[in-house]
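Asks: Sharing a structure here in structure tokens format.
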Amino acid sequence: MNKILLVAQREFLTRVQKKTFLLTTILLPLFIFGFYALIIYFSVKTSDNLHIAVADEANILNGKIESKSDIYFELVKNETPESLNAAIEQKKYDGYIYIPAAYNFRGNDSLQLKSNKTIGIITREKIQKSFNDILEEKRLLSLNISKAQLDSIQNSNNRIKFATISGKADDDNKAGISYAVGYISGFLIYIILFIYGTMVMRGVMEEKVSRIAEVIVSSVKPFQLMMGKITGIGAVGLVQFIIWIVLVFGLQLLLPVLFPDLLHQMQGQSMPIQPAGMQAAQAIKNSGGMNEIISGLNQINFTLIIGCFIFYFLGGYLLYSSLFAAVGSAVNEDPQDAQSLLLPITMPIIFAIVIMTKAVNEPNSGLAIFGSLFPLTSPIVMMARIAHGIPDGVSLWELLLSMILLIGGFMGTTWLAAKIYRTGILMYGKKITWKEMWKWAIRKS
């Protein structure tokens with residue numbers, strides 16, 4: 001055990017004391033924060049309001065039109081298509097809608113919006129929705145529906161509310177935030193498995209190619225060397241990850257300072273670039289404000305989520321890093337050999353992220369349950385389910401069984417990788433295949 005700790009300490013210190021570690025640990029969160037700050041700035045601050053002229057020769061709007069969102073409609077009188085074309089050429093308007101006198105808004109007649117430049121698909125949908133809402137209101141009023149009745153219909157809040165059989169509320173805020181938390185947590189573990197698993201493999205490859213491993217194994221058993229490298233690099237990843245979390249959440253507190261009217265503007269318009277949890281953001285946006293967001297956050301068991309995240313982060317890392325170490329021990333100088341051997345290891349990780357995209361929406365589906373129990377996919381998929389809570393998203397016995405299977409999976413892959421590692425770390429000059437590695441694994445000591 002002491003030798004494992006000595007190897008782990010060496011791996012930890014040699015990486016943490018490098019300038020590149022400090023630079024990547026500090027600069028990466030700053031880069032991410034700056035990137036999203038620019039997205040927010042260009043999406044919210046610099047959004048151009050479209051100015052659209054409406055020539056209503058049919059008088060179906062009764063001289064009144066309301067502008068919605070960032071689309072500004074202006075009623076114009078005594079204008080012809082030719083004069084409106086000239087106005088657009090002079091950049092007085094961004095476009096115009098001409099409603100001829102013979103237009104029948106109750107029938108299937110269509111209108112045209114003309115402009116001198118291409119309008120994007122998202123903006124087109126905004127314009128169509130805004131103008132169709134206006135025409136729909138006029139149609140209802142033309143059917144002798146009073147303004148009070150129309151307002152009553154439009155302002156009705158007869159939405160279906162969700163709850164469990166125990167009476168616990170399951171509103172949109174909680175569902176949206178659970179979606180976002182589960183997606184982000186699972187995606188973070190997905191990235192961690194790739195980054196630090198590859199780091200373990202490269203560390204093993206470097207020592208094998210430079211023949212340092214031959215010197216080390218003279219005083220340390222191959223299994224101890226492998227476990228020391230896994231533990232040391234895992235400690236580096238854990239420290240780096242904690243620093244990233246602290247910096248990212250700390251920097252997010254600056255957003256209200258940099259953009260004091262951010263929430264108000266985001267509620268008033270659609271973001272052209274949305275993050276991974278866009279359904280969560282839409283649910284929160286529709287729910288009505290900051291109080292609802294705070295209420296949704298209060299329903300999330302973050303203590304459970306953080307505890308499970310640490311467990312599945314460590315379990316998933318230990319499981320996959322042993323396999324990455326086995327591949328690294330079998331590879332010689334050619335990096336392409338490593339790429340061909342990595343496919344059976346990376347496929348379950350990619351498969352897990354595919355299942356996770358379904359599990360965040362349907363945490364109790366059969367595929368989500370399988371993915372959260374199978375050790376090779378459970379570190380990613382279970383985080384998507386656990387965000388919905390116990391027992392709503394995952395039952396307690398499923399969580400405990402998943403943890404037990406993950407521990408068993410780690411022990412199994414470590415045993416398998418150790419048998420491959422002890423042979424591969426001293427094997428040179430031969431191109432290794434998975435068939436050859438399997439023979440090393442089942443060969444008796």
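Order determines the names: the first chain of the structure tokens is A, the second B, and so forth; residues in each chain are numbered 1 upward, and ligands are numbered 1 upward as they are shown.
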Quick one: residues within 10 Å of Gly63 (chain A), only C-alpha atoms, excluding same-chain residues fewer than 2 positions away - as a list in words?
Replies: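 Listing them by chain and then by number gives Asp56, Asn59, Ile60, Leu61, Ile65, Leu75, Val76 and Lys77 of chain A.
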Asks: Quick one: residues within 7 Å of region 180-193 of chain A, only C-alpha atoms, excluding same-chain residues fewer than 5 positions away - as a ChimeraX atom specification?
Replies: /A:277,280,313,316-317,320,349,360,380-381,383-385,387
Asks: Given only C-alpha atoms as the basis, pick out the residue of A:Asn85, A:Glu66, A:Ile407, A:Phe302 nearest to Asp133 (chain A).
Replies: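 When distances to Asp133 (chain A) are compared using only C-alpha atoms, the smallest one comes from A:Glu66.
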Asks: Name all residues at most 12 Å from Lys419 (chain A) (count only C-alpha atoms; drop same-chain ones fewer than 4 positions away) and give them as a PyMOL selection string.
Replies: chain A and resi 221-224+226+322-323+325-327+329-330+412-415+423-425+437-445
Asks: Mind checking which residues fall within 7 Å of Ser402 (chain A), counting only C-alpha atoms, ignoring those fewer than 4 positions away in the same chain, and posting them as a list in words?
Replies: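 Residues near the query, excluding close chain neighbours: Ser372, Leu373, Ser378, Glu398 and Leu406 of chain A.
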Asks: So the first atom is CA of Ile355 (chain A) and the second is CA of Ile305 (chain A); what is the distance between them in Å, to one decimal place?
Replies: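 Going from CA of Ile355 (chain A) over to CA of Ile305 (chain A) covers 18.9 Å.
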Asks: Write out as a list in words which residues come within 12 Å of Ile127 (chain A) when counting only C-alpha atoms, dropping same-chain ones fewer than 2 positions away.
Replies: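 These residues fall inside the cut-off: Asn49, Leu50, His51, Ile52, Ser67, Lys68, Ser69, Asp70, Ile71, Tyr72, Phe73, Gly95, Tyr96, Ile97, Gln112, Leu113, Ile119, Gly120, Ile121, Ile122, Thr123, Arg124, Glu125, Lys129, Ser130, Phe131, Asn132, Asp133 and Ile134 of chain A.
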Asks: Restricting the output to C-alpha atoms, write the selected residues as a CSV table (one decimal), in the first residue's frame.
Replies:
```
chain,number,residue,atom,x,y,z
A,49,ASN,CA,-35.4,45.2,-33.4
A,50,LEU,CA,-37.1,44.7,-36.7
A,51,HIS,CA,-39.1,47.6,-38.0
A,52,ILE,CA,-41.9,46.4,-40.2
A,67,SER,CA,-46.0,45.1,-31.3
A,68,LYS,CA,-44.7,42.0,-29.5
A,69,SER,CA,-41.2,40.8,-28.5
A,70,ASP,CA,-38.5,42.5,-30.6
A,71,ILE,CA,-40.7,42.8,-33.7
A,72,TYR,CA,-42.0,46.4,-34.1
A,73,PHE,CA,-45.0,46.8,-36.4
A,95,GLY,CA,-39.7,45.1,-44.4
A,96,TYR,CA,-43.3,45.6,-45.1
A,97,ILE,CA,-46.6,43.7,-45.2
A,112,GLN,CA,-46.3,38.5,-48.0
A,113,LEU,CA,-43.5,40.2,-46.1
A,119,ILE,CA,-34.5,37.1,-42.8
A,120,GLY,CA,-33.3,34.2,-40.6
A,121,ILE,CA,-35.5,31.2,-39.8
A,122,ILE,CA,-35.8,32.0,-36.1
A,123,THR,CA,-36.8,35.6,-36.9
A,124,ARG,CA,-39.3,34.4,-39.5
A,125,GLU,CA,-41.0,32.3,-36.9
A,129,LYS,CA,-46.3,34.0,-34.6
A,130,SER,CA,-46.7,37.7,-33.7
A,131,PHE,CA,-48.7,38.6,-36.8
A,132,ASN,CA,-50.8,35.5,-36.7
A,133,ASP,CA,-51.7,36.3,-33.0
A,134,ILE,CA,-52.9,39.7,-34.1
```
Asks: Which residue out of A:Tyr312, A:Phe370, A:Ile350, A:Ser321 has the minimum interatomic distance to Met403 (chain A) when only C-alpha atoms are used?
Replies: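 Closest to Met403 (chain A) of all the choices is A:Tyr312.
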Asks: Leaving out Asn361 (chain A) and any residue of its chain fewer than 4 positions from it, which residues lie within 10 Å of it when counting only C-alpha atoms, given as a PyMOL selection string?
Replies: chain A and resi 175-176+178-179+182-183+279+356-357+365+368+384-385+388
Asks: Given the selection you just returned, output its residues as a file containing C-alpha atoms, formatted as a PDB file, in the first residue's frame.
Replies:
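Result file is part.pdb:
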```
ATOM      1  CA  ALA A 175     -38.796  19.340 -13.907  1.00  0.00           C
ATOM      2  CA  GLY A 176     -36.875  21.965 -15.869  1.00  0.00           C
ATOM      3  CA  SER A 178     -33.877  18.636 -12.789  1.00  0.00           C
ATOM      4  CA  TYR A 179     -33.425  18.299 -16.550  1.00  0.00           C
ATOM      5  CA  GLY A 182     -29.052  15.925 -14.688  1.00  0.00           C
ATOM      6  CA  TYR A 183     -27.836  16.790 -18.173  1.00  0.00           C
ATOM      7  CA  GLN A 279     -35.952  22.708 -22.300  1.00  0.00           C
ATOM      8  CA  MET A 356     -28.559   9.989 -20.870  1.00  0.00           C
ATOM      9  CA  THR A 357     -30.293  12.266 -23.387  1.00  0.00           C
ATOM     10  CA  SER A 365     -37.988   4.250 -18.877  1.00  0.00           C
ATOM     11  CA  ALA A 368     -32.757   4.558 -18.520  1.00  0.00           C
ATOM     12  CA  ALA A 384     -29.500  12.087 -15.217  1.00  0.00           C
ATOM     13  CA  ARG A 385     -31.979  10.082 -13.129  1.00  0.00           C
ATOM     14  CA  HIS A 388     -35.182  14.023 -10.418  1.00  0.00           C
TER      15      HIS A 388
END
```
